[in-house]
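Engineer: The structure follows.
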Amino acid sequence: CHGPDETTREADLRLDIDGEALRSGVLGEGDLESSTLWERITSTDPDMVMPPPDSEKRITDAERTLIERWIRQGASYSEHWAFRTPRRPSVPQLPPERAELVNNDLDAFVLSRAHENGLKQAPLASKTELVRRLYLDLIGLPPSPNQVDSFLRDQRSDAYALLVDELLQSPHFGEHWARWWLDAARYADSDGYEKDKPRSVWFYRDWVINALNNNVPYDQFVIEQLAGDLLPDAGQSQRVATGFLRNSMINEEGGADPEQFRVEGMFDRMDAIGKAILGITTQCAQCHTHKYDPLSQSEYYQMFAALNDFEEATITVFTPEQAAQRNAVEQRLRTVAADIKSELPDWKQRLEQWEDDAQTALVPWRTLTPTDLPFEGQKFKVLDDGSILSQSYAPTRVTNTFTLTTTAEKITAFRLDALQHPQLPRGGPGRSIYGTGALTEFSVSIAPADKPGQAQPVKWRTAYADVNPERTSLPAVFRDRKPKEDERVTGPIEYAIDGDNQTAWSTDNGPGRRNQNRHAIFVPEQPLEFQGPVVISFTLKQNHGGWNSDDNQNYLLGRYRFSITHADLPITHLPSRVESILQTSQSRRTDRERADLFDYWWSTLPEQAARRTEVEQAWQAFPKTDTQLVAYSLGAPRNTYVLTRGDFLNPAEQVAPGVPEFLDTRTGSNERWQVEQPTHPRLRLARWMVRPEAPTTARVVVNRIWQAYFGRGLVTSPEDFGYQSTAPSHPQLLDWLAVELVEHDWDLKHVHRLIVESATYRQSSRATEDQIAADPANQWLARGPRFRVRAETVRDAALSISGLLDPTVGGPSIYPPAPAFLFQPPASYGPKVWATSTDGEQYRRSLYVHRFRSVLYPTLQVFDAPKGDAACVRRERSNTPMQALVLLNEPQFVECARAMAGRVLREAGPTDADRLTYAFRLAVSREPAADEQSVLQQLLEQQRERLAAKNIDVQQLIGVEGSLYHQLTGVHAEEAWPWIIVCRAILNLDEVITKQ
């Protein structure tokens with residue numbers, strides 16, 4: 001009733017702003033008798049009391065007492081705790097008997113709060129418990145028995161600190177903690193929405209792994225993800241980092257408006273930045289001024305404007321090995337060029353003469369901009385240069401006609417340019433996964449403007465293009481359901497005018513050369529002459545895609561332009577790249593352009609045939625690469641408007657890039673923000689977020705790290721540090737950690753080390769009934785953390801315990817075994833490819849499991865992994881019977897039990913006791929208690945009796961043929977069967993998936 005929402009505020013009274021509340025006179029500062037507010041909340045008159053009797057809201061007696069005290073003390077307002085720059089608080093002074101429990105300053109804050117709440121700290125956890133906890137927390141894998149024993153034997157005073165250092169330096173640290181960030185970055189391997197097409201974005205995932213392993217300072221970590229492409233000398237790594245901005249879902253449904261879902265993607269980015277970095281809820285403000293926090297709708301769109309400056313690009317990326325291959329090819333080409341220059345002492349003069357001749361032969365082309373565009377699922381956008389950009393839905397087979405009215409007295413040739421654009425895969429010029437396109441047939445029809453029904457097709461004499469691949473069968477991705485019966489081919493430009501639907505001209509000239517501007521010229525049988533305006537229709541038939549449009553199987557041109565010329569025949573033909581260079585003055589050409597011009601010139605020399613062959617052979621060694629979604633700066637932000645109710649079709653006033661003033665308390669902060677940081681707005685925004693005095697940024701990240709270790713944050717609403725957030729349980733500790741991070745140059749591993757070396761972290765998790773009753777959620781940290789590990793660690797632990805785990809770090813996503821029906825309708829909107837990984841890749845860590853947003857891998861979904869459709873900074877943690885069934889029966893967990901049994905029989909001692917103890921230690925690090933050992937021994941004997949009675953088919957139950965099992969494990973299947981059952985039981989223990 002008395003907040004920022006004008007639609008619900010019946011009186012002109014606001015109590016959420018101190019100035020307006022004080023001016024209203026309703027508070028009665030210090031004088032309870034004159035307080036209208038107090039009169040209202042204590043009234044017994046139903047017409048006077050607030051909240052009204054018919055309201056769902058109530059004021060408790062405790063709240064009423066608190067308000068009374070507040071009014072008596074002067075009714076003063078204070079700034080919200082999270083919106084003040086953190087200051088280092090004094091470390092609490094503890095009595096000597098409690099000071100012994102302090103390992104570092106962090107502990108003093110925890111002990112002080114626990115004492116205030118009448119709690120005593122738990123004793124230290126055992127060394128076995130502690131080493132297991134540390135391994136699970138720092139690298140997400142349980143320790144092996146040898147690793148546990150090594151720590152137990154180490155009597156050095158700093159043994160624990162040395163183990164912490166070792167695990168922080170492990171490449172598996174970045175793997176484990178990458179998932180922590182990728183949840184917030186809404187990482188997934190598919191587009192989302194109904195088609196949920198696969199996407200290639202694993203380079204971003206690996207960038208996060210490497211950044212965390214290399215301890216990239218958190219301020220740099222944030223800046224590169226928001227604006228890495230704008231940094232000086234930005235390379236592949238910085239551009240890949242902007243994948244953070246591109247993890248939004250993409251809608252390519254047939255009816256989708258590209259601009260609508262570009263704006264939806266921007267809303268998603270604002271939400272992710274708010275949750276992951278700023279700790280504020282931004283979504284409300286996309287439609288109206290925030291109801292609770294001091295974020296106006298205008299300020300929301302000012303931040304939006306700073307981000308609203310890039311194309312959603314897809315670039316080619318190289319692994320280090322691929323980069324070395326590419327460099328070797330380029331060096332070989334440079335060597336060829338250098339050899340030619342040394343052999344031709346007059347090459348400069350000859351090149352200049354050739355250039356003079358080529359300049360005079362350039363043909364004047366006039367662009368024709370279509371005014372009548374097809375209306376279908378694929379959307380067409382006319383760009384400023386008259387070219388057409390295909391967007392949104394990408395069909396596999398399509399025939400499109402583009403029409404315009406123009407005047408042309410004479411036409412001697414038509415030209416089709418296939419052009420690059422950042423939105424296209426690898427920059428285009430096509431929409432296929434390779435950035436290529438194939439043109440089945442190109443046709444033109446012309447009619448007098450006053451008689452459009454009398455259109456006549458143009459008959460072709462010839463055609464030529466600047467790329468003419470050899471006749472080639474279609475790559476597998478473009479083939480029909482029955483690939484052996486698919487006779488379609490691609491090849492030279494003649495295929496685009498041969499009337500044969502089985503042939504097509506392709507822009508694909510192989511890796512390394514396929515992603516550049518291309519063009520084709522079509523010459524009619526006779527020059528065309530007209531009197532008066534004519535209607536010209538260009539038709540592109542493109543029938544060389546695959547059968548499944550939901551799986552990126554299109555083979556379409558992505559951006560194209562139509563032109564005509566009246567130049568006399570024959571028309572001199574030069575590659576698009578060469579034309580562009582010749583049209584650039586020599587003084588403005590880059591070294592790359594000069595080299596390209598030289599390379600084209602010498603390739604035209606008849607005497608260099610052998611060298612041309614050598615160059616073609618060099619290009620064959622160019623590596624096959626992958627792609628990554630990135631931000632590609634436009635150079636300046638788009639015009640940005642406040643969108644009424646968040647509707648992209650309903651813009652209101654225009655806004656300039658800026659920031660919310662409540663997070664930048666300097667007077668006139670937006671004006672100063674514009675003047676003091678004269679850099680690109682997106683880069684300026686990124687740097688502003690991680691400036692040392694930023695009120696929420698450091699608090700938010702240390703709180704989320706704390707949450708990962710203890711199961712709950714110091715603020716239990718990590719996505720919201722605003723007025724509706726939960727108050728910090730340890731406000732001074734939160735500020736101390738935030739300042740510690742900033743003053744240590746945003747060193748995240750420093751925070752990790754502080755936490756795991758603290759006595760707070762090293763406490764035993766055992767709790768008495770009284771302790772649980774006094775503090776059920778362990779809010780006051782008087783005992784160690786105890787909760788189920790996250791979904792990925794559940795699977796990774798089973799793989800590690802069994803010995804199956806492939807520890808390879810990084811690389812493309814994997815496809816472990818999964819039910820086939822999940823990827824077919826009706827479980828999936830359309831058919832999806834799930835090519836089950838083999839050769840051990842199926843045993844890689846869960847971080848690498850391919851994530852379809854619409855069909856999350858079942859094992860991860862059951863254990864509460866998020867889908868990646870929105871930023872997640874706090875996972876839910878459920879306990880369901882389905883989880884136990886997964887651990888017992890899911891095929892890969894059964895496979896882990898089989899492998900674990902083989903490992904136990906190979907590696908443990910000869911007796912049952914030796915083997916049961918070893919199996920138990922593999923799984924939970926400690927030795928079994930006597931009653932646990934007895935239960936397992938009974939289970940083992942029961943299975944032996946079943947086997948002796950021949951009541952089971954071992955091969956069927958093991959799931960593999962006996963000799964193959966022996967080959968895989970070195971153990972006979974009959975000997976292993978009872979142990980497989982025991983290992984399945986052990987892997988199903990709660991303790992296996994619990995950190996304690």
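We label chains A, B, ... in the order they appear in the structure tokens, count residues from 1 in each chain, and number ligands from 1 in the order shown.
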If you take only C-alpha atoms and a cut-off of 12 Å, which residues of segment 726-798 of chain A touch segment 130-137 of chain A, and what are their nearest atom pairs and distances in Å to one decimal, in chain and number order, as JSON lines?

Structural biologist:
{"residue": "A:His752", "atom": "CA", "partner": "A:Asp137", "partner_atom": "CA", "distance": 9.8}
{"residue": "A:Arg753", "atom": "CA", "partner": "A:Leu134", "partner_atom": "CA", "distance": 10.9}
{"residue": "A:Ile755", "atom": "CA", "partner": "A:Leu134", "partner_atom": "CA", "distance": 10.9}
{"residue": "A:Val756", "atom": "CA", "partner": "A:Leu134", "partner_atom": "CA", "distance": 7.5}
{"residue": "A:Glu757", "atom": "CA", "partner": "A:Leu134", "partner_atom": "CA", "distance": 9.9}
{"residue": "A:Ala759", "atom": "CA", "partner": "A:Leu130", "partner_atom": "CA", "distance": 11.3}
{"residue": "A:Tyr761", "atom": "CA", "partner": "A:Leu130", "partner_atom": "CA", "distance": 9.2}
{"residue": "A:Arg762", "atom": "CA", "partner": "A:Leu130", "partner_atom": "CA", "distance": 6.7}
{"residue": "A:Gln763", "atom": "CA", "partner": "A:Leu130", "partner_atom": "CA", "distance": 8.6}
{"residue": "A:Ser764", "atom": "CA", "partner": "A:Leu130", "partner_atom": "CA", "distance": 8.4}
{"residue": "A:Ser765", "atom": "CA", "partner": "A:Leu130", "partner_atom": "CA", "distance": 10.2}
{"residue": "A:Gly784", "atom": "CA", "partner": "A:Leu130", "partner_atom": "CA", "distance": 10.0}
{"residue": "A:Pro785", "atom": "CA", "partner": "A:Arg133", "partner_atom": "CA", "distance": 9.1}
{"residue": "A:Arg786", "atom": "CA", "partner": "A:Arg133", "partner_atom": "CA", "distance": 9.5}
{"residue": "A:Phe787", "atom": "CA", "partner": "A:Arg133", "partner_atom": "CA", "distance": 10.9}
{"residue": "A:Arg788", "atom": "CA", "partner": "A:Leu136", "partner_atom": "CA", "distance": 10.8}
{"residue": "A:Val789", "atom": "CA", "partner": "A:Leu136", "partner_atom": "CA", "distance": 8.1}
{"residue": "A:Arg790", "atom": "CA", "partner": "A:Leu136", "partner_atom": "CA", "distance": 10.2}
{"residue": "A:Glu792", "atom": "CA", "partner": "A:Leu136", "partner_atom": "CA", "distance": 11.3}
{"residue": "A:Thr793", "atom": "CA", "partner": "A:Leu136", "partner_atom": "CA", "distance": 7.9}
{"residue": "A:Val794", "atom": "CA", "partner": "A:Leu136", "partner_atom": "CA", "distance": 10.3}
{"residue": "A:Asp796", "atom": "CA", "partner": "A:Leu136", "partner_atom": "CA", "distance": 10.3}
{"residue": "A:Ala797", "atom": "CA", "partner": "A:Leu136", "partner_atom": "CA", "distance": 8.8}

Engineer: Based on DSSP run over this structure's backbone, return all residues of segment 572-718 of chain A in strand (DSSP E), as a ChimeraX atom specification.

Structural biologist: /A:626-633,640-643,651-655

Engineer: Would you mind exporting the chosen residues as a compact mmCIF listing (two decimals), in the first residue's frame, restricted to N, CA, C and O atoms?

Structural biologist:
# COMPACT_ATOMS: atom_id res chain seq x y z
N ASP A 626 35.85 -26.95 -34.30
CA ASP A 626 34.53 -26.80 -33.71
C ASP A 626 34.16 -25.32 -33.66
O ASP A 626 34.91 -24.48 -34.13
N THR A 627 33.00 -25.04 -33.08
CA THR A 627 32.51 -23.67 -33.03
C THR A 627 32.17 -23.28 -31.59
O THR A 627 32.07 -24.13 -30.70
N GLN A 628 31.98 -21.99 -31.39
CA GLN A 628 31.57 -21.47 -30.08
C GLN A 628 30.69 -20.24 -30.29
O GLN A 628 30.99 -19.39 -31.12
N LEU A 629 29.61 -20.17 -29.53
CA LEU A 629 28.76 -18.98 -29.54
C LEU A 629 29.44 -17.88 -28.74
O LEU A 629 29.86 -18.10 -27.60
N VAL A 630 29.54 -16.70 -29.32
CA VAL A 630 30.22 -15.57 -28.67
C VAL A 630 29.47 -14.28 -28.95
O VAL A 630 28.54 -14.23 -29.76
N ALA A 631 29.90 -13.22 -28.27
CA ALA A 631 29.41 -11.88 -28.55
C ALA A 631 30.35 -11.22 -29.56
O ALA A 631 31.57 -11.29 -29.43
N TYR A 632 29.77 -10.58 -30.57
CA TYR A 632 30.54 -9.91 -31.62
C TYR A 632 30.10 -8.45 -31.61
O TYR A 632 28.99 -8.12 -32.03
N SER A 633 30.96 -7.58 -31.14
CA SER A 633 30.58 -6.19 -30.92
C SER A 633 30.21 -5.49 -32.21
O SER A 633 30.87 -5.64 -33.24
N THR A 640 18.37 1.90 -27.43
CA THR A 640 17.65 1.11 -26.43
C THR A 640 16.55 1.97 -25.82
O THR A 640 16.77 3.15 -25.53
N TYR A 641 15.41 1.37 -25.62
CA TYR A 641 14.24 2.07 -25.10
C TYR A 641 13.69 1.31 -23.90
O TYR A 641 13.83 0.08 -23.80
N VAL A 642 13.09 2.03 -22.99
CA VAL A 642 12.30 1.37 -21.96
C VAL A 642 11.14 0.67 -22.66
O VAL A 642 10.43 1.28 -23.46
N LEU A 643 10.97 -0.61 -22.39
CA LEU A 643 9.92 -1.39 -23.04
C LEU A 643 8.72 -1.46 -22.10
O LEU A 643 8.81 -2.04 -21.00
N PRO A 651 7.97 0.21 -27.34
CA PRO A 651 9.04 1.01 -26.73
C PRO A 651 8.53 2.36 -26.26
O PRO A 651 7.64 2.95 -26.87
N ALA A 652 9.12 2.85 -25.16
CA ALA A 652 8.80 4.18 -24.64
C ALA A 652 10.00 5.09 -24.82
O ALA A 652 10.58 5.13 -25.91
N GLU A 653 10.46 5.74 -23.74
CA GLU A 653 11.56 6.69 -23.90
C GLU A 653 12.90 5.98 -24.13
O GLU A 653 13.12 4.88 -23.63
N GLN A 654 13.77 6.63 -24.91
CA GLN A 654 15.10 6.08 -25.16
C GLN A 654 15.99 6.31 -23.95
O GLN A 654 15.86 7.32 -23.25
N VAL A 655 16.88 5.37 -23.68
CA VAL A 655 17.81 5.49 -22.54
C VAL A 655 19.24 5.29 -23.04
O VAL A 655 19.49 4.61 -24.04

Engineer: Rounded to one decimal in Å, what is the spacing between atom CA of Ala75 of chain A and atom CA of Glu29 of chain A?

Structural biologist: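 Value for the atom CA of Ala75 of chain A-atom CA of Glu29 of chain A distance: 5.1 Å.
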
Engineer: Determine, counting only C-alpha atoms, which protein, DNA and RNA residues have an atom within 6 Å of an atom of segment 171-178 of chain A; residues of the same chain fewer than 3 positions away are not included. Present the result as a ChimeraX atom specification.

Structural biologist: /A:138-140,168,181-182,208-209,212-213

Engineer: Atoms to include: all heavy atoms. Write the selected residues as a CSV table (one decimal), in the first residue's frame.

Structural biologist:
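And here is the file that came out, part.csv:
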chain,number,residue,atom,x,y,z
A,138,LEU,N,37.0,-30.2,-2.9
A,138,LEU,CA,37.9,-29.5,-3.8
A,138,LEU,C,38.0,-30.1,-5.2
A,138,LEU,O,38.2,-29.3,-6.1
A,138,LEU,CB,39.3,-29.5,-3.1
A,138,LEU,CG,39.5,-28.6,-1.9
A,138,LEU,CD1,40.9,-28.6,-1.4
A,138,LEU,CD2,39.0,-27.2,-2.2
A,139,ILE,N,37.9,-31.4,-5.3
A,139,ILE,CA,38.0,-32.0,-6.7
A,139,ILE,C,36.8,-32.8,-7.1
A,139,ILE,O,36.7,-33.3,-8.2
A,139,ILE,CB,39.3,-32.8,-6.9
A,139,ILE,CG1,39.3,-34.0,-6.0
A,139,ILE,CG2,40.5,-31.9,-6.6
A,139,ILE,CD1,40.4,-35.0,-6.3
A,140,GLY,N,35.8,-33.0,-6.1
A,140,GLY,CA,34.6,-33.7,-6.5
A,140,GLY,C,34.7,-35.2,-6.7
A,140,GLY,O,33.9,-35.8,-7.3
A,168,LEU,N,44.2,-28.0,-4.5
A,168,LEU,CA,43.9,-26.7,-5.2
A,168,LEU,C,44.7,-26.6,-6.5
A,168,LEU,O,44.2,-26.0,-7.5
A,168,LEU,CB,44.3,-25.5,-4.3
A,168,LEU,CG,43.3,-25.2,-3.2
A,168,LEU,CD1,43.9,-24.1,-2.3
A,168,LEU,CD2,42.0,-24.8,-3.7
A,181,TRP,N,30.1,-22.6,-11.3
A,181,TRP,CA,29.8,-21.4,-12.1
A,181,TRP,C,28.9,-21.7,-13.2
A,181,TRP,O,28.1,-20.8,-13.6
A,181,TRP,CB,31.2,-20.9,-12.6
A,181,TRP,CG,30.9,-19.6,-13.3
A,181,TRP,CD1,30.9,-19.4,-14.7
A,181,TRP,CD2,30.6,-18.3,-12.8
A,181,TRP,NE1,30.7,-18.1,-15.0
A,181,TRP,CE2,30.5,-17.4,-13.9
A,181,TRP,CE3,30.5,-17.8,-11.5
A,181,TRP,CZ2,30.2,-16.0,-13.7
A,181,TRP,CZ3,30.2,-16.5,-11.3
A,181,TRP,CH2,30.0,-15.6,-12.4
A,182,LEU,N,29.0,-22.8,-13.9
A,182,LEU,CA,28.2,-23.1,-15.1
A,182,LEU,C,26.7,-23.1,-14.7
A,182,LEU,O,25.9,-22.8,-15.6
A,182,LEU,CB,28.6,-24.4,-15.7
A,182,LEU,CG,30.0,-24.4,-16.3
A,182,LEU,CD1,30.4,-25.8,-16.8
A,182,LEU,CD2,30.1,-23.4,-17.5
A,208,VAL,N,36.0,-22.0,-18.6
A,208,VAL,CA,35.7,-21.8,-17.1
A,208,VAL,C,36.6,-22.8,-16.3
A,208,VAL,O,37.2,-22.4,-15.3
A,208,VAL,CB,34.3,-22.1,-16.9
A,208,VAL,CG1,34.0,-22.1,-15.4
A,208,VAL,CG2,33.4,-21.1,-17.5
A,209,ILE,N,36.8,-24.0,-16.8
A,209,ILE,CA,37.7,-25.0,-16.1
A,209,ILE,C,39.1,-24.4,-16.0
A,209,ILE,O,39.7,-24.4,-14.9
A,209,ILE,CB,37.7,-26.3,-16.9
A,209,ILE,CG1,36.4,-27.0,-16.8
A,209,ILE,CG2,38.8,-27.2,-16.3
A,209,ILE,CD1,36.3,-28.2,-17.7
A,212,LEU,N,39.5,-21.3,-13.6
A,212,LEU,CA,39.5,-21.7,-12.2
A,212,LEU,C,40.7,-22.4,-11.8
A,212,LEU,O,41.3,-22.2,-10.7
A,212,LEU,CB,38.2,-22.5,-11.9
A,212,LEU,CG,36.9,-21.7,-12.0
A,212,LEU,CD1,35.7,-22.7,-11.8
A,212,LEU,CD2,36.8,-20.5,-11.1
A,213,ASN,N,41.2,-23.3,-12.7
A,213,ASN,CA,42.5,-24.0,-12.4
A,213,ASN,C,43.6,-23.0,-12.4
A,213,ASN,O,44.5,-23.1,-11.5
A,213,ASN,CB,42.8,-25.0,-13.5
A,213,ASN,CG,42.1,-26.3,-13.2
A,213,ASN,OD1,41.8,-26.7,-12.0
A,213,ASN,ND2,41.9,-27.1,-14.2

Engineer: Show me, as a list in words, the residues that have an atom within 9 Å of Leu822 of chain A when counting only C-alpha atoms, minus same-chain residues fewer than 4 positions from it.

Structural biologist: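 Surrounding residues, per the criterion: Ala818, Pro826, Ala827, Ser828, Lys832 and Val855 of chain A.
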
Engineer: For Ser55 of chain A, find every residue with an atom within 12 Å (counting only C-alpha atoms), except residues of its own chain fewer than 5 positions away, and show them as a list in words.

Structural biologist: Cys1, Pro46, Val49 and Met50 of chain A

Engineer: So what do you get for atom CA of Asp599 of chain A versus atom CA of Asp508 of chain A, distance-wise?

Structural biologist: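 Separating atom CA of Asp599 of chain A from atom CA of Asp508 of chain A is a distance of 19.8 Å.
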
Engineer: Please identify all polymer residues within 12 Å of Gly3 of chain A, counting only C-alpha atoms, omitting same-chain residues fewer than 3 positions from it, and present them as a tab-separated table (two decimals) with N, CA and C atoms, in the first residue's frame.

Structural biologist:
chain	number	residue	atom	x	y	z
A	6	GLU	N	2.80	2.47	-7.95
A	6	GLU	CA	1.75	3.48	-8.00
A	6	GLU	C	0.37	2.87	-8.22
A	7	THR	N	0.32	1.70	-8.84
A	7	THR	CA	-0.98	1.09	-9.16
A	7	THR	C	-1.67	0.56	-7.91
A	8	THR	N	-0.92	0.22	-6.85
A	8	THR	CA	-1.53	-0.31	-5.63
A	8	THR	C	-1.49	0.70	-4.49
A	9	ARG	N	-0.82	1.82	-4.66
A	9	ARG	CA	-0.67	2.81	-3.60
A	9	ARG	C	-1.89	3.73	-3.61
A	10	GLU	N	-2.78	3.52	-2.66
A	10	GLU	CA	-4.04	4.27	-2.68
A	10	GLU	C	-3.85	5.71	-2.20
A	11	ALA	N	-3.00	5.91	-1.21
A	11	ALA	CA	-2.73	7.26	-0.72
A	11	ALA	C	-1.36	7.71	-1.21
A	12	ASP	N	-1.16	9.02	-1.19
A	12	ASP	CA	0.13	9.55	-1.65
A	12	ASP	C	1.13	9.47	-0.50
A	13	LEU	N	1.42	8.24	-0.08
A	13	LEU	CA	2.30	8.02	1.06
A	13	LEU	C	3.23	6.86	0.74
A	14	ARG	N	4.52	7.13	0.90
A	14	ARG	CA	5.52	6.07	0.71
A	14	ARG	C	6.32	5.93	2.00
A	15	LEU	N	6.36	4.72	2.51
A	15	LEU	CA	7.11	4.45	3.73
A	15	LEU	C	8.43	3.77	3.45
A	16	ASP	N	8.71	3.44	2.17
A	16	ASP	CA	9.95	2.74	1.85
A	16	ASP	C	11.10	3.71	1.61
A	17	ILE	N	10.81	5.01	1.51
A	17	ILE	CA	11.85	6.02	1.30
A	17	ILE	C	11.86	6.93	2.51
A	18	ASP	N	13.00	7.04	3.18
A	18	ASP	CA	13.05	7.75	4.45
A	18	ASP	C	12.62	9.20	4.33
A	20	GLU	N	10.55	10.74	2.21
A	20	GLU	CA	9.12	10.91	2.05
A	20	GLU	C	8.36	10.48	3.31
A	21	ALA	N	8.83	9.42	3.94
A	21	ALA	CA	8.17	8.96	5.16
A	21	ALA	C	8.28	10.01	6.27
A	289	THR	N	9.09	-0.55	-12.46
A	289	THR	CA	10.06	-0.27	-11.41
A	289	THR	C	9.94	-1.33	-10.32
A	290	HIS	N	11.09	-1.78	-9.82
A	290	HIS	CA	11.14	-2.86	-8.84
A	290	HIS	C	10.27	-2.53	-7.63
A	291	LYS	N	9.48	-3.48	-7.18
A	291	LYS	CA	8.55	-3.24	-6.08
A	291	LYS	C	9.25	-3.14	-4.73
A	292	TYR	N	10.43	-3.72	-4.61
A	292	TYR	CA	11.07	-3.77	-3.31
A	292	TYR	C	12.43	-3.08	-3.29
A	293	ASP	N	13.24	-3.36	-4.27
A	293	ASP	CA	14.58	-2.77	-4.29
A	293	ASP	C	14.58	-1.46	-5.07
A	294	PRO	N	15.53	-0.57	-4.78
A	294	PRO	CA	15.54	0.76	-5.43
A	294	PRO	C	16.08	0.71	-6.86
